[in-house]
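Enquirer: Sending over a structure as structure tokens; questions will come in a sec.
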Amino acid sequence: MSGEMSATKPVLSVVIPIYNEESTLPELGRRLVSALERVTPDFEVVFVDDGSVDGSRDRLMEMSAADPRLKVLRLSRNFGHQTALSAGIDHATGDGVVLMDGDLQDPPEVVPELVARWRDGYDVVYAIKEKRKEGALKRAGFRVFYRLLSSFSNIDLPLDAGIFSLMDQRVAEVLRAMPERNRYISGLRAYAGGRQTGVRFERAARHAGDPRQTPRKLLRLALDALFSFSYAPLRLASYVGLAASGLSFVALVTILLVKLSTDLAIPGWASVMSAVLFLGGVQLVTVGIMGEYIGRIFDEVKGRPRYVIESRRGFGFAEASSARDAGSVPERRRSALN
Ligand code: UDP
Ligand code: MG
């Protein structure tokens with residue numbers, strides 16, 4: 001798939017999702033290009049414009065016109081951070097593929113360090129967030145999230161490693177081959193295996209504006225991560241069920257003993273009600289947990305394209321903005337579309 005996109009493959013591709021980052025883009029472009037120049041002049045940056053509604057689009061076009069190594073992929077609407085990254089990965093042809101955020105929280109100056117470890121022979125080098133310049137609540141949330149996830153998930157997920165990373169093209173190929181829609185890329189990257197290592201860095205504050213990942217989007221990502229990398233919630237239901245049956249058995253025996261050995265009748269209404277309500281609650285939560293998995297299965301089964309590309313710039317083919325194509329339709333169905 002990648003061969004058709006560019007005649008010569010760059011050494012390094014940098015994938016950056018952009019959603020309304022107009023005021024950060026010029027600074028990002030400057031710092032990124034100068035950091036990358038230190039590594040190799042032979043790089044490409046794949047900006048994925050995730051349906052921005054500010055001036056990001058024009059800014060990106062100007063930047064790409066000035067330096068053709070800066071390429072722009074525009075999605076037809078806002079598809080979300082992880083999906084925008086997936087679209088970028090699908091178009092990244094470099095021997096190494098860097099993923100980073102476009103708000104300068106991931107400092108471009110760290111990229112050369114990632115490249116150095118990659119050249120040491122690692123397949124994946126992820127950046128570990130040392131200090132976060134974010135609110136106490138958000139920091140605490142991330143802390144709990146990473147720890148919960150790593151204790152519940154079936155694979156070894158590095159703590160405090162987000163999107164910011166460099167992976168070998170071979171690992172990018174593995175990610176492309178993963179068809180799932182609800183994507184937690186940091187998890188999929190760990191799943192791919194190979195030689196992986198981390199580099200510590202200090203996470204900067206956002207260059208401008210408020211986070212584009214709203215709390216709702218972050219919660220959704222956390223749930224995606226938990227449900228796609230762990231069966232623990234399903235098991236939780238069985239454990240609670242077992243515990244409830246055990247408890248009720250003990251209660252039954254106690255009631256019988258009291259009944260047979262004394263004249264006391266245990267007054268019933270309140271205890272019966274609370275038991276009924278408790279079990280009703282547990283059952284509803286369990287159904288909800290199953291619903292989370294079933295909803296995700298439904299998403300996968302529908303097999304819709306993960307994203308729709310509105311236009312490409314700098315990739316060397318089919319750049320007309322009218323050409324809408326479904327970027328991630330599996331090969332088998334792609335031929336039917338074209
Ligand atoms: N982003 C995106 N689509 C979205 C939300 C965010 O492409 O729907 C981009 C955003 O422009 C930024 C990166 O993803 O470059 C990370 O977003 P943000 O800084 O809001 O996330 P946080 O740092 O809070 O996790
Ligand atoms: Mg950010």
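By convention here, the chains of the structure tokens are called A, B, ... in the order presented, each chain's residues are numbered starting at 1, and ligands are numbered starting at 1 in the order presented.
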Taking only C-alpha atoms and all ligand atoms and a cut-off of 8 Å, can you tell me which residues surround ligand 1, written as a PyMOL selection string?
Expert: chain A and resi 16-21+48-51+78-82+84-85+100-105+206+210-214+217-218
Enquirer: Taking 4 positions as the minimum chain separation for residues in the same chain, which residues sit within 9 Å of Gly241 in chain A when counting only C-alpha atoms? Answer as a PDB file with all heavy atoms, in the first residue's frame.
Expert:
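Output saved as result.pdb:
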```pdb
ATOM      1  N   LEU A 236     -15.173  -9.936  36.830  1.00  0.00           N
ATOM      2  CA  LEU A 236     -15.667  -9.276  38.031  1.00  0.00           C
ATOM      3  C   LEU A 236     -17.102  -9.715  38.302  1.00  0.00           C
ATOM      4  O   LEU A 236     -17.481 -10.022  39.436  1.00  0.00           O
ATOM      5  CB  LEU A 236     -15.616  -7.762  37.816  1.00  0.00           C
ATOM      6  CG  LEU A 236     -15.971  -6.913  39.015  1.00  0.00           C
ATOM      7  CD1 LEU A 236     -14.805  -6.950  39.997  1.00  0.00           C
ATOM      8  CD2 LEU A 236     -16.226  -5.469  38.586  1.00  0.00           C
ATOM      9  N   ALA A 237     -17.911  -9.793  37.221  1.00  0.00           N
ATOM     10  CA  ALA A 237     -19.307 -10.194  37.372  1.00  0.00           C
ATOM     11  C   ALA A 237     -19.386 -11.587  37.999  1.00  0.00           C
ATOM     12  O   ALA A 237     -20.172 -11.826  38.916  1.00  0.00           O
ATOM     13  CB  ALA A 237     -20.002 -10.174  36.024  1.00  0.00           C
ATOM     14  N   SER A 245     -23.633 -15.535  46.174  1.00  0.00           N
ATOM     15  CA  SER A 245     -24.216 -16.844  46.479  1.00  0.00           C
ATOM     16  C   SER A 245     -23.651 -17.368  47.790  1.00  0.00           C
ATOM     17  O   SER A 245     -24.377 -17.940  48.614  1.00  0.00           O
ATOM     18  CB  SER A 245     -23.956 -17.886  45.393  1.00  0.00           C
ATOM     19  OG  SER A 245     -23.589 -17.285  44.204  1.00  0.00           O
ATOM     20  N   GLY A 246     -22.356 -17.191  47.991  1.00  0.00           N
ATOM     21  CA  GLY A 246     -21.729 -17.648  49.244  1.00  0.00           C
ATOM     22  C   GLY A 246     -22.375 -16.990  50.447  1.00  0.00           C
ATOM     23  O   GLY A 246     -22.777 -17.666  51.400  1.00  0.00           O
ATOM     24  N   LEU A 279     -28.903  -7.118  44.840  1.00  0.00           N
ATOM     25  CA  LEU A 279     -28.735  -8.051  43.719  1.00  0.00           C
ATOM     26  C   LEU A 279     -29.212  -7.436  42.410  1.00  0.00           C
ATOM     27  O   LEU A 279     -28.605  -7.632  41.357  1.00  0.00           O
ATOM     28  CB  LEU A 279     -29.491  -9.344  44.001  1.00  0.00           C
ATOM     29  CG  LEU A 279     -28.696 -10.292  44.893  1.00  0.00           C
ATOM     30  CD1 LEU A 279     -29.453 -11.587  45.098  1.00  0.00           C
ATOM     31  CD2 LEU A 279     -27.332 -10.591  44.265  1.00  0.00           C
ATOM     32  N   VAL A 282     -26.437  -5.259  41.199  1.00  0.00           N
ATOM     33  CA  VAL A 282     -25.330  -6.049  40.662  1.00  0.00           C
ATOM     34  C   VAL A 282     -25.682  -6.575  39.275  1.00  0.00           C
ATOM     35  O   VAL A 282     -24.871  -6.523  38.338  1.00  0.00           O
ATOM     36  CB  VAL A 282     -24.988  -7.223  41.608  1.00  0.00           C
ATOM     37  CG1 VAL A 282     -24.055  -8.202  40.936  1.00  0.00           C
ATOM     38  CG2 VAL A 282     -24.384  -6.692  42.897  1.00  0.00           C
ATOM     39  N   GLN A 283     -26.932  -7.028  39.136  1.00  0.00           N
ATOM     40  CA  GLN A 283     -27.320  -7.590  37.829  1.00  0.00           C
ATOM     41  C   GLN A 283     -27.300  -6.519  36.738  1.00  0.00           C
ATOM     42  O   GLN A 283     -26.848  -6.765  35.622  1.00  0.00           O
ATOM     43  CB  GLN A 283     -28.703  -8.225  37.926  1.00  0.00           C
ATOM     44  CG  GLN A 283     -28.620  -9.608  38.542  1.00  0.00           C
ATOM     45  CD  GLN A 283     -29.965 -10.125  39.014  1.00  0.00           C
ATOM     46  OE1 GLN A 283     -30.967  -9.431  38.926  1.00  0.00           O
ATOM     47  NE2 GLN A 283     -29.970 -11.346  39.508  1.00  0.00           N
TER      48      GLN A 283
END
```
Enquirer: Using DSSP secondary structure from the backbone, list all strand (DSSP E) positions within range 105-236 of chain A, as a list in words.
Expert: Val124, Val125, Tyr126, Ala127, Ile128, Lys129, Ala161, Gly162, Ile163, Phe164, Ser165, Leu166, Met167, Asp168, Gln196, Thr197, Gly198, Val199, Arg200 and Phe201 of chain A
Enquirer: For the selection just defined, write its residues with N, CA, C and O atoms to a file, as a PDB file, in the first residue's frame.
Expert:
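Written file, out.pdb:
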```pdb
ATOM      1  N   VAL A 124      10.630  -0.473  19.150  1.00  0.00           N
ATOM      2  CA  VAL A 124       9.723   0.568  19.636  1.00  0.00           C
ATOM      3  C   VAL A 124      10.419   1.329  20.753  1.00  0.00           C
ATOM      4  O   VAL A 124      10.966   0.724  21.669  1.00  0.00           O
ATOM      5  N   VAL A 125      10.448   2.646  20.647  1.00  0.00           N
ATOM      6  CA  VAL A 125      10.961   3.477  21.733  1.00  0.00           C
ATOM      7  C   VAL A 125       9.832   4.409  22.147  1.00  0.00           C
ATOM      8  O   VAL A 125       9.408   5.245  21.363  1.00  0.00           O
ATOM      9  N   TYR A 126       9.307   4.209  23.352  1.00  0.00           N
ATOM     10  CA  TYR A 126       8.216   5.084  23.778  1.00  0.00           C
ATOM     11  C   TYR A 126       8.736   6.085  24.791  1.00  0.00           C
ATOM     12  O   TYR A 126       9.699   5.830  25.514  1.00  0.00           O
ATOM     13  N   ALA A 127       8.124   7.256  24.815  1.00  0.00           N
ATOM     14  CA  ALA A 127       8.546   8.306  25.726  1.00  0.00           C
ATOM     15  C   ALA A 127       7.709   8.223  27.002  1.00  0.00           C
ATOM     16  O   ALA A 127       6.483   8.143  26.937  1.00  0.00           O
ATOM     17  N   ILE A 128       8.385   8.183  28.132  1.00  0.00           N
ATOM     18  CA  ILE A 128       7.688   8.057  29.412  1.00  0.00           C
ATOM     19  C   ILE A 128       7.545   9.433  30.040  1.00  0.00           C
ATOM     20  O   ILE A 128       8.526  10.151  30.205  1.00  0.00           O
ATOM     21  N   LYS A 129       6.307   9.771  30.386  1.00  0.00           N
ATOM     22  CA  LYS A 129       6.055  11.111  30.931  1.00  0.00           C
ATOM     23  C   LYS A 129       6.553  11.204  32.359  1.00  0.00           C
ATOM     24  O   LYS A 129       6.109  10.473  33.237  1.00  0.00           O
ATOM     25  N   ALA A 161       3.274   5.687  29.518  1.00  0.00           N
ATOM     26  CA  ALA A 161       3.716   5.877  28.140  1.00  0.00           C
ATOM     27  C   ALA A 161       2.474   6.100  27.291  1.00  0.00           C
ATOM     28  O   ALA A 161       1.599   5.257  27.238  1.00  0.00           O
ATOM     29  N   GLY A 162       2.387   7.261  26.695  1.00  0.00           N
ATOM     30  CA  GLY A 162       1.224   7.568  25.855  1.00  0.00           C
ATOM     31  C   GLY A 162       1.564   7.370  24.401  1.00  0.00           C
ATOM     32  O   GLY A 162       2.280   6.444  24.026  1.00  0.00           O
ATOM     33  N   ILE A 163       1.056   8.292  23.590  1.00  0.00           N
ATOM     34  CA  ILE A 163       1.234   8.200  22.153  1.00  0.00           C
ATOM     35  C   ILE A 163       2.678   8.456  21.717  1.00  0.00           C
ATOM     36  O   ILE A 163       3.187   7.818  20.803  1.00  0.00           O
ATOM     37  N   PHE A 164       3.324   9.407  22.367  1.00  0.00           N
ATOM     38  CA  PHE A 164       4.649   9.865  21.932  1.00  0.00           C
ATOM     39  C   PHE A 164       5.628   8.689  21.870  1.00  0.00           C
ATOM     40  O   PHE A 164       5.982   8.110  22.892  1.00  0.00           O
ATOM     41  N   SER A 165       6.069   8.348  20.678  1.00  0.00           N
ATOM     42  CA  SER A 165       6.923   7.177  20.524  1.00  0.00           C
ATOM     43  C   SER A 165       7.487   7.116  19.107  1.00  0.00           C
ATOM     44  O   SER A 165       7.061   7.861  18.228  1.00  0.00           O
ATOM     45  N   LEU A 166       8.441   6.226  18.938  1.00  0.00           N
ATOM     46  CA  LEU A 166       8.976   5.935  17.603  1.00  0.00           C
ATOM     47  C   LEU A 166       8.859   4.437  17.414  1.00  0.00           C
ATOM     48  O   LEU A 166       9.226   3.670  18.305  1.00  0.00           O
ATOM     49  N   MET A 167       8.320   4.020  16.308  1.00  0.00           N
ATOM     50  CA  MET A 167       8.296   2.587  16.026  1.00  0.00           C
ATOM     51  C   MET A 167       8.890   2.307  14.654  1.00  0.00           C
ATOM     52  O   MET A 167       8.837   3.141  13.755  1.00  0.00           O
ATOM     53  N   ASP A 168       9.449   1.127  14.552  1.00  0.00           N
ATOM     54  CA  ASP A 168      10.007   0.719  13.278  1.00  0.00           C
ATOM     55  C   ASP A 168       8.872   0.531  12.269  1.00  0.00           C
ATOM     56  O   ASP A 168       7.745   0.227  12.644  1.00  0.00           O
ATOM     57  N   GLN A 196      11.344  -3.432  22.930  1.00  0.00           N
ATOM     58  CA  GLN A 196      10.763  -2.143  23.266  1.00  0.00           C
ATOM     59  C   GLN A 196      11.491  -1.515  24.447  1.00  0.00           C
ATOM     60  O   GLN A 196      11.915  -2.213  25.353  1.00  0.00           O
ATOM     61  N   THR A 197      11.627  -0.216  24.405  1.00  0.00           N
ATOM     62  CA  THR A 197      12.270   0.457  25.524  1.00  0.00           C
ATOM     63  C   THR A 197      11.682   1.846  25.705  1.00  0.00           C
ATOM     64  O   THR A 197      10.991   2.355  24.822  1.00  0.00           O
ATOM     65  N   GLY A 198      11.949   2.452  26.848  1.00  0.00           N
ATOM     66  CA  GLY A 198      11.393   3.776  27.120  1.00  0.00           C
ATOM     67  C   GLY A 198      12.474   4.826  27.315  1.00  0.00           C
ATOM     68  O   GLY A 198      13.601   4.514  27.681  1.00  0.00           O
ATOM     69  N   VAL A 199      12.127   6.066  27.020  1.00  0.00           N
ATOM     70  CA  VAL A 199      13.006   7.204  27.270  1.00  0.00           C
ATOM     71  C   VAL A 199      12.200   8.190  28.104  1.00  0.00           C
ATOM     72  O   VAL A 199      11.055   8.479  27.763  1.00  0.00           O
ATOM     73  N   ARG A 200      12.774   8.661  29.220  1.00  0.00           N
ATOM     74  CA  ARG A 200      11.998   9.588  30.068  1.00  0.00           C
ATOM     75  C   ARG A 200      12.043  11.004  29.513  1.00  0.00           C
ATOM     76  O   ARG A 200      13.048  11.422  28.970  1.00  0.00           O
ATOM     77  N   PHE A 201      10.932  11.701  29.643  1.00  0.00           N
ATOM     78  CA  PHE A 201      10.937  13.108  29.239  1.00  0.00           C
ATOM     79  C   PHE A 201       9.940  13.869  30.088  1.00  0.00           C
ATOM     80  O   PHE A 201       9.060  13.297  30.724  1.00  0.00           O
TER      81      PHE A 201
END
```
Enquirer: Using only C-alpha atoms and all ligand atoms, pick whichever of A:Ser228, A:Thr24, A:Ser274, A:Thr8 has the shortest atom-to-atom distance to ligand 2.
Expert: A:Thr24
Enquirer: What are the nearest atom pairs, with distances in Å to one decimal, for all residues of range 119-196 of chain A that come at most 9 Å from range 287-311 of chain A, using only C-alpha atoms, set out by chain and rising residue number as a tab-separated table?
Expert:
```
residue	atom	partner	partner_atom	distance
A:Pro179	CA	A:Glu300	CA	8.3
A:Glu180	CA	A:Glu300	CA	6.4
A:Arg181	CA	A:Glu300	CA	6.2
A:Asn182	CA	A:Arg296	CA	7.2
```
Enquirer: Write a file of the selected residues as an mmCIF file, in the first residue's frame, keeping N, CA, C and O atoms.
Expert:
```cif
data_model
loop_
_atom_site.group_PDB
_atom_site.id
_atom_site.type_symbol
_atom_site.label_atom_id
_atom_site.label_comp_id
_atom_site.auth_asym_id
_atom_site.auth_seq_id
_atom_site.Cartn_x
_atom_site.Cartn_y
_atom_site.Cartn_z
ATOM 1 N N PRO A 179 -7.269 -4.803 12.530
ATOM 2 C CA PRO A 179 -8.451 -4.211 11.916
ATOM 3 C C PRO A 179 -9.374 -3.483 12.894
ATOM 4 O O PRO A 179 -10.371 -2.906 12.475
ATOM 5 N N GLU A 180 -9.065 -3.480 14.195
ATOM 6 C CA GLU A 180 -10.106 -3.006 15.102
ATOM 7 C C GLU A 180 -10.384 -1.510 15.020
ATOM 8 O O GLU A 180 -9.527 -0.709 14.684
ATOM 9 N N ARG A 181 -11.601 -1.175 15.329
ATOM 10 C CA ARG A 181 -12.086 0.198 15.237
ATOM 11 C C ARG A 181 -11.859 0.985 16.521
ATOM 12 O O ARG A 181 -11.493 2.137 16.505
ATOM 13 N N ASN A 182 -12.137 0.345 17.656
ATOM 14 C CA ASN A 182 -11.925 1.020 18.933
ATOM 15 C C ASN A 182 -10.457 0.851 19.291
ATOM 16 O O ASN A 182 -10.053 -0.148 19.861
#
```
Enquirer: Go through range 64-119 of chain A and collect every residue that DSSP, computed from the backbone, puts in helix (DSSP H, G or I); the answer should be as a list in words.
Expert: Ser64, Ala65, Ala66, His81, Gln82, Thr83, Ala84, Leu85, Ser86, Ala87, Gly88, Ile89, Asp90, His91, Pro108, Glu109, Val110, Val111, Pro112, Glu113, Leu114, Val115, Ala116, Arg117, Trp118 and Arg119 of chain A
Enquirer: Quick check, in Å to one decimal: how far apart do CA of Phe227 in chain A and CA of Gly194 in chain A lie?
Expert: 23.6 Å
Enquirer: Would you mind telling me which residue in A:Thr40, A:Ser248, A:Asp67, A:Leu32 lies nearest to Val272 in chain A when using only C-alpha atoms?
Expert: A:Ser248
Enquirer: For ligand 2, which residue out of A:Ala92, A:Ala190, A:Ala66, A:Ala204 is the nearest one, using only C-alpha atoms and all ligand atoms?
Expert: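 Among the listed residues, the smallest separation from ligand 2 belongs to A:Ala204.
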Enquirer: Got a sec: who's within 10 Å of Leu188 in chain A, counting only C-alpha atoms, leaving out chain neighbours fewer than 3 positions off, as a compact mmCIF listing (two decimals) with N, CA and C atoms, in the first residue's frame?
Expert:
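Output file result_24.txt is given in full below:
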```txt
# COMPACT_ATOMS: atom_id res chain seq x y z
N ILE A 155 -1.59 -8.08 28.56
CA ILE A 155 -0.23 -7.88 28.05
C ILE A 155 0.48 -6.86 28.91
N LEU A 157 1.78 -3.62 29.62
CA LEU A 157 1.68 -2.25 29.13
C LEU A 157 2.59 -1.36 29.96
N VAL A 171 6.81 -2.49 12.77
CA VAL A 171 5.78 -2.44 13.82
C VAL A 171 4.56 -1.67 13.31
N VAL A 174 2.47 -3.92 11.48
CA VAL A 174 1.66 -4.76 12.36
C VAL A 174 0.41 -3.99 12.82
N LEU A 175 0.60 -2.72 13.17
CA LEU A 175 -0.55 -1.90 13.59
C LEU A 175 -1.57 -1.76 12.47
N MET A 178 -3.94 -4.57 12.12
CA MET A 178 -4.94 -4.78 13.16
C MET A 178 -6.21 -4.06 12.74
N GLU A 180 -9.07 -3.48 14.20
CA GLU A 180 -10.11 -3.01 15.10
C GLU A 180 -10.38 -1.51 15.02
N ARG A 183 -9.67 1.84 18.92
CA ARG A 183 -8.23 1.64 19.00
C ARG A 183 -7.61 2.39 20.16
N TYR A 184 -6.85 1.67 20.93
CA TYR A 184 -6.02 2.29 21.95
C TYR A 184 -4.60 2.03 21.49
N ILE A 185 -4.02 3.02 20.79
CA ILE A 185 -2.79 2.77 20.04
C ILE A 185 -1.62 2.41 20.95
N TYR A 191 1.24 -4.53 22.27
CA TYR A 191 0.82 -5.85 21.83
C TYR A 191 1.73 -6.37 20.73
N ALA A 192 2.19 -5.44 19.86
CA ALA A 192 3.03 -5.83 18.73
C ALA A 192 4.33 -6.50 19.17
N GLY A 193 4.78 -6.20 20.37
CA GLY A 193 5.97 -6.87 20.91
C GLY A 193 7.27 -6.40 20.28
N ALA A 225 -9.62 1.32 26.15
CA ALA A 225 -8.39 0.64 26.55
C ALA A 225 -8.71 -0.52 27.47
N SER A 228 -10.76 -3.32 25.65
CA SER A 228 -10.12 -4.08 24.56
C SER A 228 -8.85 -4.77 25.01
N PHE A 229 -8.38 -4.49 26.22
CA PHE A 229 -7.18 -5.18 26.65
C PHE A 229 -7.39 -6.01 27.90
```
Enquirer: Provide the CA of Val240 in chain A to CA of Leu256 in chain A distance in Å, to one decimal place.
Expert: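 That distance, rounded to one decimal, is 24.3 Å.
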Enquirer: Out of A:Leu36, A:Ala208, A:Val253, A:Leu60, which residue has the shortest atom-to-atom distance to ligand 2 when counting only C-alpha atoms and all ligand atoms?
Expert: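 So, comparing all the options, the nearest one is A:Ala208.
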